[in-house]
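Undergrad: Structure file target30.pdb (PDB, C-alpha atoms) is given on the next line.
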```pdb
ATOM      1  CA  ASP F   1       0.000   0.000   0.000
ATOM      2  CA  ASP F   2       0.990   3.710  -0.048
ATOM      3  CA  GLY F   3       2.308   3.565   3.537
ATOM      4  CA  ALA F   4       4.610   0.643   2.794
ATOM      5  CA  ARG F   5       5.861   2.197  -0.453
ATOM      6  CA  ALA F   6       6.620   5.591   1.105
ATOM      7  CA  PRO F   7      10.204   4.746   2.217
ATOM      8  CA  ASP F   8      11.019   3.303  -1.230
ATOM      9  CA  ARG F   9       9.669   6.454  -2.882
ATOM     10  CA  VAL F  10      11.794   8.669  -0.655
ATOM     11  CA  VAL F  11      14.935   6.639  -1.422
ATOM     12  CA  GLY F  12      14.192   6.647  -5.140
ATOM     13  CA  LEU F  13      13.534  10.366  -5.220
ATOM     14  CA  SER F  14      16.695  11.115  -3.216
ATOM     15  CA  THR F  15      18.767   8.964  -5.563
ATOM     16  CA  ALA F  16      17.268  10.682  -8.591
ATOM     17  CA  LEU F  17      17.948  14.154  -7.269
ATOM     18  CA  ALA F  18      21.491  13.254  -6.228
ATOM     19  CA  ALA F  19      22.202  11.831  -9.644
ATOM     20  CA  LEU F  20      20.767  14.845 -11.452
ATOM     21  CA  ASP F  21      22.685  17.289  -9.267
ATOM     22  CA  GLY F  22      25.990  15.391  -9.367
ATOM     23  CA  ASP F  23      28.821  15.684 -11.824
ATOM     24  CA  GLU F  24      28.197  12.190 -13.150
ATOM     25  CA  ALA F  25      24.593  12.819 -14.173
ATOM     26  CA  ALA F  26      25.362  11.642 -17.725
ATOM     27  CA  LEU F  27      26.642   8.278 -16.429
ATOM     28  CA  VAL F  28      23.411   7.149 -14.704
ATOM     29  CA  PRO F  29      22.879   3.433 -15.385
ATOM     30  CA  VAL F  30      19.972   2.641 -17.687
ATOM     31  CA  ALA F  31      18.495   0.309 -15.058
ATOM     32  CA  ALA F  32      18.199   3.237 -12.635
ATOM     33  CA  VAL F  33      16.303   5.510 -15.037
ATOM     34  CA  ALA F  34      12.879   3.910 -14.568
ATOM     35  CA  PRO F  35      12.907   4.058 -10.718
ATOM     36  CA  MET F  36      14.169   7.647 -10.889
ATOM     37  CA  VAL F  37      11.418   8.721 -13.280
ATOM     38  CA  SER F  38       8.787   6.902 -11.210
ATOM     39  CA  ALA F  39       9.917   8.613  -8.004
ATOM     40  CA  ILE F  40       9.887  12.054  -9.635
ATOM     41  CA  VAL F  41       6.442  11.523 -11.172
ATOM     42  CA  ASP F  42       5.046  10.319  -7.832
ATOM     43  CA  ALA F  43       6.476  13.373  -6.062
ATOM     44  CA  LEU F  44       5.057  15.767  -8.657
ATOM     45  CA  GLY F  45       1.671  14.032  -8.464
ATOM     46  CA  GLN F  46       1.567  14.348  -4.685
ATOM     47  CA  ALA F  47       2.569  18.017  -4.887
ATOM     48  CA  GLY F  48      -0.131  18.683  -7.480
ATOM     49  CA  SER F  49      -2.742  16.916  -5.378
ATOM     50  CA  ALA F  50      -1.795  18.930  -2.298
ATOM     51  CA  ALA F  51      -1.952  22.165  -4.302
ATOM     52  CA  ALA F  52      -5.403  21.248  -5.646
ATOM     53  CA  GLU F  53      -6.687  20.497  -2.155
ATOM     54  CA  THR F  54      -5.315  23.816  -0.902
ATOM     55  CA  SER F  55      -6.956  25.675  -3.788
ATOM     56  CA  MET F  56     -10.335  24.033  -3.142
ATOM     57  CA  GLU F  57     -10.094  24.856   0.565
ATOM     58  CA  VAL F  58      -9.354  28.498  -0.254
ATOM     59  CA  GLN F  59     -12.405  28.560  -2.520
ATOM     60  CA  ARG F  60     -14.500  26.910   0.190
ATOM     61  CA  GLN F  61     -13.529  29.534   2.774
ATOM     62  CA  ALA F  62     -14.147  32.393   0.351
ATOM     63  CA  LEU F  63     -17.598  31.071  -0.553
ATOM     64  CA  ARG F  64     -18.562  30.572   3.085
ATOM     65  CA  ALA F  65     -17.505  34.141   3.892
ATOM     66  CA  GLU F  66     -19.557  35.382   0.956
ATOM     67  CA  ALA F  67     -22.529  33.300   2.097
ATOM     68  CA  LEU F  68     -22.441  34.908   5.526
ATOM     69  CA  ASP F  69     -22.270  38.353   3.958
ATOM     70  CA  GLU F  70     -25.287  37.445   1.800
ATOM     71  CA  ALA F  71     -27.262  36.568   4.914
ATOM     72  CA  HIS F  72     -26.325  39.844   6.619
ATOM     73  CA  THR F  73     -27.300  41.816   3.519
ATOM     74  CA  ARG F  74     -30.741  40.214   3.171
ATOM     75  CA  PHE F  75     -31.791  41.339   6.662
ATOM     76  CA  ARG F  76     -29.805  44.562   6.984
ATOM     77  CA  LEU F  77     -32.519  46.965   5.812
ATOM     78  CA  SER F  78     -35.344  45.475   7.873
ATOM     79  CA  ARG F  79     -33.155  45.112  10.963
ATOM     80  CA  VAL F  80     -31.742  48.647  10.826
ATOM     81  CA  GLY F  81     -35.138  50.153  10.046
ATOM     82  CA  SER F  82     -36.971  48.333  12.828
ATOM     83  CA  GLY F  83     -34.186  49.061  15.320
ATOM     84  CA  SER F  84     -34.208  52.767  14.508
ATOM     85  CA  ALA F  85     -38.003  52.912  14.823
ATOM     86  CA  ALA F  86     -37.861  51.057  18.130
ATOM     87  CA  VAL F  87     -35.345  53.522  19.590
ATOM     88  CA  LEU F  88     -37.313  56.525  18.302
ATOM     89  CA  PHE F  89     -40.726  55.471  19.646
ATOM     90  CA  SER F  90     -39.231  54.232  22.903
ATOM     91  CA  GLY F  91     -37.562  57.614  23.401
ATOM     92  CA  LEU F  92     -40.756  59.534  22.639
ATOM     93  CA  TRP F  93     -42.764  57.371  25.004
ATOM     94  CA  ALA F  94     -40.252  57.573  27.877
ATOM     95  CA  LEU F  95     -39.239  61.219  27.509
ATOM     96  CA  PRO F  96     -42.163  62.878  29.394
ATOM     97  CA  GLN F  97     -41.983  60.349  32.247
ATOM     98  CA  ALA F  98     -38.201  60.728  32.483
ATOM     99  CA  VAL F  99     -38.413  64.525  32.568
ATOM    100  CA  VAL F 100     -41.051  64.454  35.306
ATOM    101  CA  ALA F 101     -39.158  61.875  37.364
ATOM    102  CA  PHE F 102     -35.600  63.139  37.031
ATOM    103  CA  GLY F 103     -35.582  66.535  35.357
ATOM    104  CA  GLY F 104     -37.057  68.838  37.944
ATOM    105  CA  GLU F 105     -39.218  71.914  37.355
ATOM    106  CA  GLY F 106     -36.841  73.595  34.904
ATOM    107  CA  ALA F 107     -36.709  70.572  32.594
ATOM    108  CA  ALA F 108     -40.493  70.147  32.778
ATOM    109  CA  ALA F 109     -41.025  73.804  31.865
ATOM    110  CA  ALA F 110     -38.605  73.487  28.937
ATOM    111  CA  LEU F 111     -40.435  70.407  27.692
ATOM    112  CA  GLN F 112     -43.782  72.223  27.915
ATOM    113  CA  ALA F 113     -42.357  75.082  25.853
ATOM    114  CA  SER F 114     -40.832  72.805  23.200
ATOM    115  CA  LEU F 115     -42.289  72.048  19.776
ATOM    116  CA  LEU F 116     -43.118  68.520  20.974
ATOM    117  CA  ALA F 117     -45.486  69.760  23.707
ATOM    118  CA  PRO F 118     -48.659  69.432  21.548
ATOM    119  CA  LEU F 119     -47.653  65.883  20.670
ATOM    120  CA  PHE F 120     -47.142  64.922  24.300
ATOM    121  CA  ALA F 121     -50.518  66.482  25.211
ATOM    122  CA  MET F 122     -52.492  64.213  22.858
ATOM    123  CA  PRO F 123     -54.819  61.841  24.808
ATOM    124  CA  LEU F 124     -53.600  58.706  22.975
ATOM    125  CA  PHE F 125     -49.918  59.653  22.920
ATOM    126  CA  ASP F 126     -48.804  57.158  25.588
ATOM    127  CA  PRO F 127     -50.643  54.041  24.327
ATOM    128  CA  VAL F 128     -49.861  54.771  20.676
ATOM    129  CA  THR F 129     -46.132  55.371  21.166
ATOM    130  CA  PHE F 130     -45.861  52.393  23.531
ATOM    131  CA  GLY F 131     -47.600  50.143  21.003
ATOM    132  CA  LEU F 132     -45.392  51.347  18.141
ATOM    133  CA  ALA F 133     -42.244  50.909  20.216
ATOM    134  CA  LEU F 134     -43.277  47.399  21.254
ATOM    135  CA  TYR F 135     -44.080  46.418  17.653
ATOM    136  CA  ALA F 136     -40.753  47.792  16.410
ATOM    137  CA  TRP F 137     -38.777  45.952  19.109
ATOM    138  CA  LEU F 138     -40.610  42.696  18.334
ATOM    139  CA  PHE F 139     -39.911  43.140  14.625
ATOM    140  CA  PHE F 140     -36.247  43.880  15.363
ATOM    141  CA  GLY F 141     -35.981  40.729  17.505
ATOM    142  CA  LEU F 142     -37.733  38.652  14.839
ATOM    143  CA  THR F 143     -35.417  39.799  12.065
ATOM    144  CA  TRP F 144     -32.410  39.091  14.289
ATOM    145  CA  LEU F 145     -33.659  35.547  14.966
ATOM    146  CA  MET F 146     -34.314  35.002  11.258
ATOM    147  CA  GLU F 147     -30.829  36.214  10.413
ATOM    148  CA  GLN F 148     -29.228  33.888  12.966
ATOM    149  CA  ASN F 149     -31.244  30.974  11.605
ATOM    150  CA  ASP F 150     -30.187  31.854   8.073
ATOM    151  CA  LEU F 151     -26.558  32.150   9.151
ATOM    152  CA  ARG F 152     -26.629  28.660  10.640
ATOM    153  CA  ARG F 153     -28.279  27.285   7.508
ATOM    154  CA  ILE F 154     -26.080  29.052   4.982
ATOM    155  CA  ASP F 155     -22.815  28.534   6.894
ATOM    156  CA  GLY F 156     -22.752  24.903   5.755
ATOM    157  CA  VAL F 157     -23.508  25.600   2.102
ATOM    158  CA  THR F 158     -20.093  24.315   0.958
ATOM    159  CA  THR F 159     -19.768  21.352   3.324
ATOM    160  CA  ASP F 160     -19.625  17.737   2.200
ATOM    161  CA  ALA F 161     -23.018  17.092   3.807
ATOM    162  CA  ALA F 162     -24.560  19.978   1.848
ATOM    163  CA  ARG F 163     -22.988  18.690  -1.374
ATOM    164  CA  ALA F 164     -24.427  15.208  -0.846
ATOM    165  CA  SER F 165     -27.863  16.668  -0.186
ATOM    166  CA  LEU F 166     -27.685  18.845  -3.300
ATOM    167  CA  LEU F 167     -26.628  15.887  -5.441
ATOM    168  CA  ARG F 168     -29.507  13.794  -4.111
ATOM    169  CA  ARG F 169     -32.078  16.498  -4.831
ATOM    170  CA  ALA F 170     -30.609  17.128  -8.285
ATOM    171  CA  VAL F 171     -30.666  13.418  -9.185
ATOM    172  CA  LEU F 172     -34.246  13.004  -7.969
ATOM    173  CA  SER F 173     -35.314  16.055  -9.960
ATOM    174  CA  ALA F 174     -33.617  14.694 -13.096
ATOM    175  CA  ARG F 175     -35.290  11.311 -12.662
ATOM    176  CA  GLN F 176     -38.703  12.950 -12.456
ATOM    177  CA  ARG F 177     -38.238  14.305 -15.972
ATOM    178  CA  GLY F 178     -36.861  10.972 -17.255
ATOM    179  CA  ASP F 179     -33.057  11.306 -16.934
ATOM    180  CA  GLN F 180     -31.896   8.233 -15.035
ATOM    181  CA  ASP F 181     -28.113   8.465 -15.194
ATOM    182  CA  SER F 182     -27.276  12.142 -15.756
ATOM    183  CA  ILE F 183     -27.957  15.594 -14.349
ATOM    184  CA  THR F 184     -27.345  19.130 -15.550
ATOM    185  CA  LYS F 185     -25.572  21.976 -13.817
ATOM    186  CA  ALA F 186     -28.952  23.710 -13.672
ATOM    187  CA  ASP F 187     -30.313  20.808 -11.595
ATOM    188  CA  ILE F 188     -27.700  21.436  -8.894
ATOM    189  CA  ARG F 189     -28.237  25.191  -9.090
ATOM    190  CA  ASP F 190     -32.008  24.814  -8.705
ATOM    191  CA  ALA F 191     -31.552  22.446  -5.759
ATOM    192  CA  LEU F 192     -29.241  24.960  -4.101
ATOM    193  CA  GLY F 193     -31.625  27.838  -4.783
ATOM    194  CA  ARG F 194     -34.602  25.970  -3.289
ATOM    195  CA  GLY F 195     -32.624  25.260  -0.133
ATOM    196  CA  LEU F 196     -31.681  28.916   0.348
ATOM    197  CA  ARG F 197     -34.965  30.511  -0.745
ATOM    198  CA  PRO F 198     -36.787  32.268   2.122
ATOM    199  CA  SER F 199     -40.348  31.246   2.895
ATOM    200  CA  PHE F 200     -43.348  33.392   1.980
ATOM    201  CA  ALA F 201     -43.596  34.691   5.550
ATOM    202  CA  LEU F 202     -39.936  35.722   5.532
ATOM    203  CA  ARG F 203     -40.419  37.460   2.206
ATOM    204  CA  LEU F 204     -43.202  39.546   3.730
ATOM    205  CA  LEU F 205     -40.759  40.582   6.446
ATOM    206  CA  GLY F 206     -38.188  41.763   3.913
ATOM    207  CA  ALA F 207     -35.991  38.670   3.430
ATOM    208  CA  ARG F 208     -34.537  38.384  -0.072
ATOM    209  CA  ASP F 209     -33.133  35.584  -2.216
ATOM    210  CA  VAL F 210     -29.407  35.083  -2.570
ATOM    211  CA  THR F 211     -27.946  36.661  -5.682
ATOM    212  CA  ALA F 212     -27.747  34.763  -8.959
ATOM    213  CA  SER F 213     -23.970  35.238  -9.146
ATOM    214  CA  PHE F 214     -23.542  33.679  -5.705
ATOM    215  CA  LEU F 215     -25.653  30.672  -6.717
ATOM    216  CA  ASP F 216     -23.540  30.236  -9.856
ATOM    217  CA  ARG F 217     -20.267  30.344  -7.914
ATOM    218  CA  VAL F 218     -21.400  27.851  -5.284
ATOM    219  CA  THR F 219     -22.811  25.550  -7.980
ATOM    220  CA  SER F 220     -19.519  25.642  -9.917
ATOM    221  CA  PHE F 221     -17.646  24.852  -6.705
ATOM    222  CA  HIS F 222     -19.786  21.774  -6.016
ATOM    223  CA  VAL F 223     -19.569  20.578  -9.623
ATOM    224  CA  ALA F 224     -15.764  20.867  -9.512
ATOM    225  CA  GLU F 225     -15.617  18.940  -6.216
ATOM    226  CA  LEU F 226     -17.927  16.194  -7.473
ATOM    227  CA  SER F 227     -15.952  15.906 -10.720
ATOM    228  CA  ALA F 228     -12.654  15.667  -8.816
ATOM    229  CA  GLN F 229     -14.140  12.896  -6.670
ATOM    230  CA  GLY F 230     -15.217  10.957  -9.773
ATOM    231  CA  VAL F 231     -18.921  11.310  -8.953
ATOM    232  CA  LEU F 232     -19.648  13.357 -12.076
ATOM    233  CA  ALA F 233     -18.171  13.107 -15.567
ATOM    234  CA  PRO F 234     -18.879  15.449 -18.520
ATOM    235  CA  SER F 235     -21.483  14.076 -20.923
ATOM    236  CA  THR F 236     -21.310  14.410 -24.693
ATOM    237  CA  GLN F 237     -25.100  14.670 -24.880
ATOM    238  CA  ALA F 238     -26.297  18.050 -26.137
ATOM    239  CA  SER F 239     -28.002  20.163 -23.476
ATOM    240  CA  LEU F 240     -28.796  23.802 -22.765
ATOM    241  CA  SER F 241     -26.987  23.433 -19.441
ATOM    242  CA  PRO F 242     -23.718  21.474 -19.022
ATOM    243  CA  ARG F 243     -24.666  17.839 -18.491
ATOM    244  CA  TYR F 244     -22.818  15.316 -16.332
ATOM    245  CA  LEU F 245     -23.014  11.554 -16.030
ATOM    246  CA  VAL F 246     -23.471  10.299 -12.474
ATOM    247  CA  ALA F 247     -21.150   7.491 -11.388
ATOM    248  CA  GLU F 248     -22.977   4.167 -11.429
ATOM    249  CA  ALA F 249     -22.157   3.336  -7.798
ATOM    250  CA  VAL F 250     -23.454   6.707  -6.616
ATOM    251  CA  SER F 251     -26.543   6.398  -8.777
ATOM    252  CA  ARG F 252     -27.351   3.054  -7.159
ATOM    253  CA  GLU F 253     -26.966   4.586  -3.692
ATOM    254  CA  LEU F 254     -29.511   7.268  -4.603
ATOM    255  CA  GLN F 255     -32.155   4.793  -5.702
ATOM    256  CA  PRO F 256     -35.418   5.413  -3.787
TER     257      PRO F 256
END
```
As structure tokens - that is how I would like this structure written.

TA:
Amino acid sequence: DDGARAPDRVVGLSTALAALDGDEAALVPVAAVAPMVSAIVDALGQAGSAAAETSMEVQRQALRAEALDEAHTRFRLSRVGSGSAAVLFSGLWALPQAVVAFGGEGAAAALQASLLAPLFAMPLFDPVTFGLALYAWLFFGLTWLMEQNDLRRIDGVTTDAARASLLRRAVLSARQRGDQDSITKADIRDALGRGLRPSFALRLLGARDVTASFLDRVTSFHVAELSAQGVLAPSTQASLSPRYLVAEAVSRELQP
């Protein structure tokens, strides 16, 4: 196995490098050429594999950071707006009571002479401002909870578990239209979009879909990972969206 062959590879690679660097490089025996070439090829292959894994991990981290920013952006307007309204109405409701309790006669007289005095004198001022402040605080808390839930859900968008779930949904969708052994890139994109699409109630509260460019980048990332793992292979069949053949073993695992 690879563990048992590791020492032999190291020796072969060391011998090859020593021979190439030495003064007698032109006098390397023919019998030693094949082991030398094999050791060098193995070393280059391992280096290339490590570089590919590093590149994919960098892409994974970048996409996850972008996903979190997407979640913040979708709730930013509703959260900032509701928070500002909550602070405003809370301040209006508490100001007269605070002036009376802590401000003394001078502060009370100044408040009575201010432009806000007619507003404070309205019979329904207290219940109306209290109700508006309470509603705004509840809305602010709700949007914060929705954002945290979305962050937890979207944080795993590039994980192996998420990729397996996307592949399953894409394969099932393809089978419903009659494709038994292949899927398109659009199938994976649609599966990803359905998983990240806010519900109707969240839409009413201001939640928005992720951007199309973000969906495309995450989809391309998953397709590249699945292709590198041998799960997907490019198909020669004509299609409006790039089509991929699903590995037979994986296809059997996804049978209902």

Undergrad: Per residue of segment 150-169 of chain F within 8 Å of segment 63-69 of chain F, what are the shortest atom pair and its distance in Å to one decimal, counting all atoms listed in the file, with rows by chain and residue number, as CSV?

TA:
```
residue,atom,partner,partner_atom,distance
F:Leu151,CA,F:Leu68,CA,6.1
F:Ile154,CA,F:Ala67,CA,6.2
F:Asp155,CA,F:Arg64,CA,6.1
F:Gly156,CA,F:Arg64,CA,7.5
F:Val157,CA,F:Arg64,CA,7.1
F:Thr158,CA,F:Arg64,CA,6.8
```

Undergrad: Between atom CA of Gly195 of chain F and atom CA of Arg60 of chain F, what is the spacing in Å?

TA: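 Computing the Euclidean distance for atom CA of Arg60 of chain F and atom CA of Gly195 of chain F yields 18.2 Å.
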
Undergrad: What is the atom CA of Leu88 of chain F to atom CA of Ala133 of chain F distance in Å?

TA: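 Computed distance, atom CA of Leu88 of chain F to atom CA of Ala133 of chain F, equals 7.7 Å.
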
Undergrad: Between atom CA of Val246 of chain F and atom CA of Arg217 of chain F, what is the distance in Å, rounded to a tenth?

TA: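 Rounded to one decimal, the two atoms are 20.8 Å apart.
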
Undergrad: Please provide the set of residues having any atom within 9 Å of segment 223-239 of chain F, restricted to all atoms listed in the file, with same-chain residues fewer than 3 positions apart removed, written as a tab-separated table (two decimals) with C-alpha atoms, in the coordinates of the input.

TA:
```
chain	number	residue	atom	x	y	z
F	56	MET	CA	-10.34	24.03	-3.14
F	163	ARG	CA	-22.99	18.69	-1.37
F	167	LEU	CA	-26.63	15.89	-5.44
F	182	SER	CA	-27.28	12.14	-15.76
F	183	ILE	CA	-27.96	15.59	-14.35
F	184	THR	CA	-27.34	19.13	-15.55
F	185	LYS	CA	-25.57	21.98	-13.82
F	188	ILE	CA	-27.70	21.44	-8.89
F	218	VAL	CA	-21.40	27.85	-5.28
F	219	THR	CA	-22.81	25.55	-7.98
F	220	SER	CA	-19.52	25.64	-9.92
F	242	PRO	CA	-23.72	21.47	-19.02
F	243	ARG	CA	-24.67	17.84	-18.49
F	244	TYR	CA	-22.82	15.32	-16.33
F	245	LEU	CA	-23.01	11.55	-16.03
F	246	VAL	CA	-23.47	10.30	-12.47
F	247	ALA	CA	-21.15	7.49	-11.39
F	248	GLU	CA	-22.98	4.17	-11.43
F	249	ALA	CA	-22.16	3.34	-7.80
F	250	VAL	CA	-23.45	6.71	-6.62
```

Undergrad: Which residue is closest to Phe139 of chain F? Choose from F:Arg79, F:Arg197, F:His222, F:Arg177 and count all atoms listed in the file.

TA: F:Arg79

Undergrad: When you count only C-alpha atoms, which of these residues is closest to Val58 of chain F: F:Ser90, F:Phe221, F:Pro127, F:Ser213?

TA: F:Phe221

Undergrad: Using all atoms listed in the file, pick whichever of F:Glu57, F:Asp209, F:Asp181, F:Asp126 has the shortest atom-to-atom distance to Arg74 of chain F.

TA: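 Smallest separation from Arg74 of chain F among the options: F:Asp209.
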
Undergrad: Once the PyMOL selection byres ((chain F and resi 130) around 9) has been evaluated on this model, what residues remain selected, and can you format them as a count of residues only?

TA: 15

Undergrad: Using only C-alpha atoms, which of the listed residues (F:Arg169, F:Ala71, F:Pro118, F:Ala136) sits closest to Ala85 of chain F?

TA: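 For Ala85 of chain F, the nearest of the given residues is F:Ala136.
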
Undergrad: Using the chain letters and numbers from the file, which residues does the PyMOL selection byres ((chain F and resi 255) around 10) grab, as a ChimeraX atom specification?

TA: /F:168,171-172,180,250-254,256
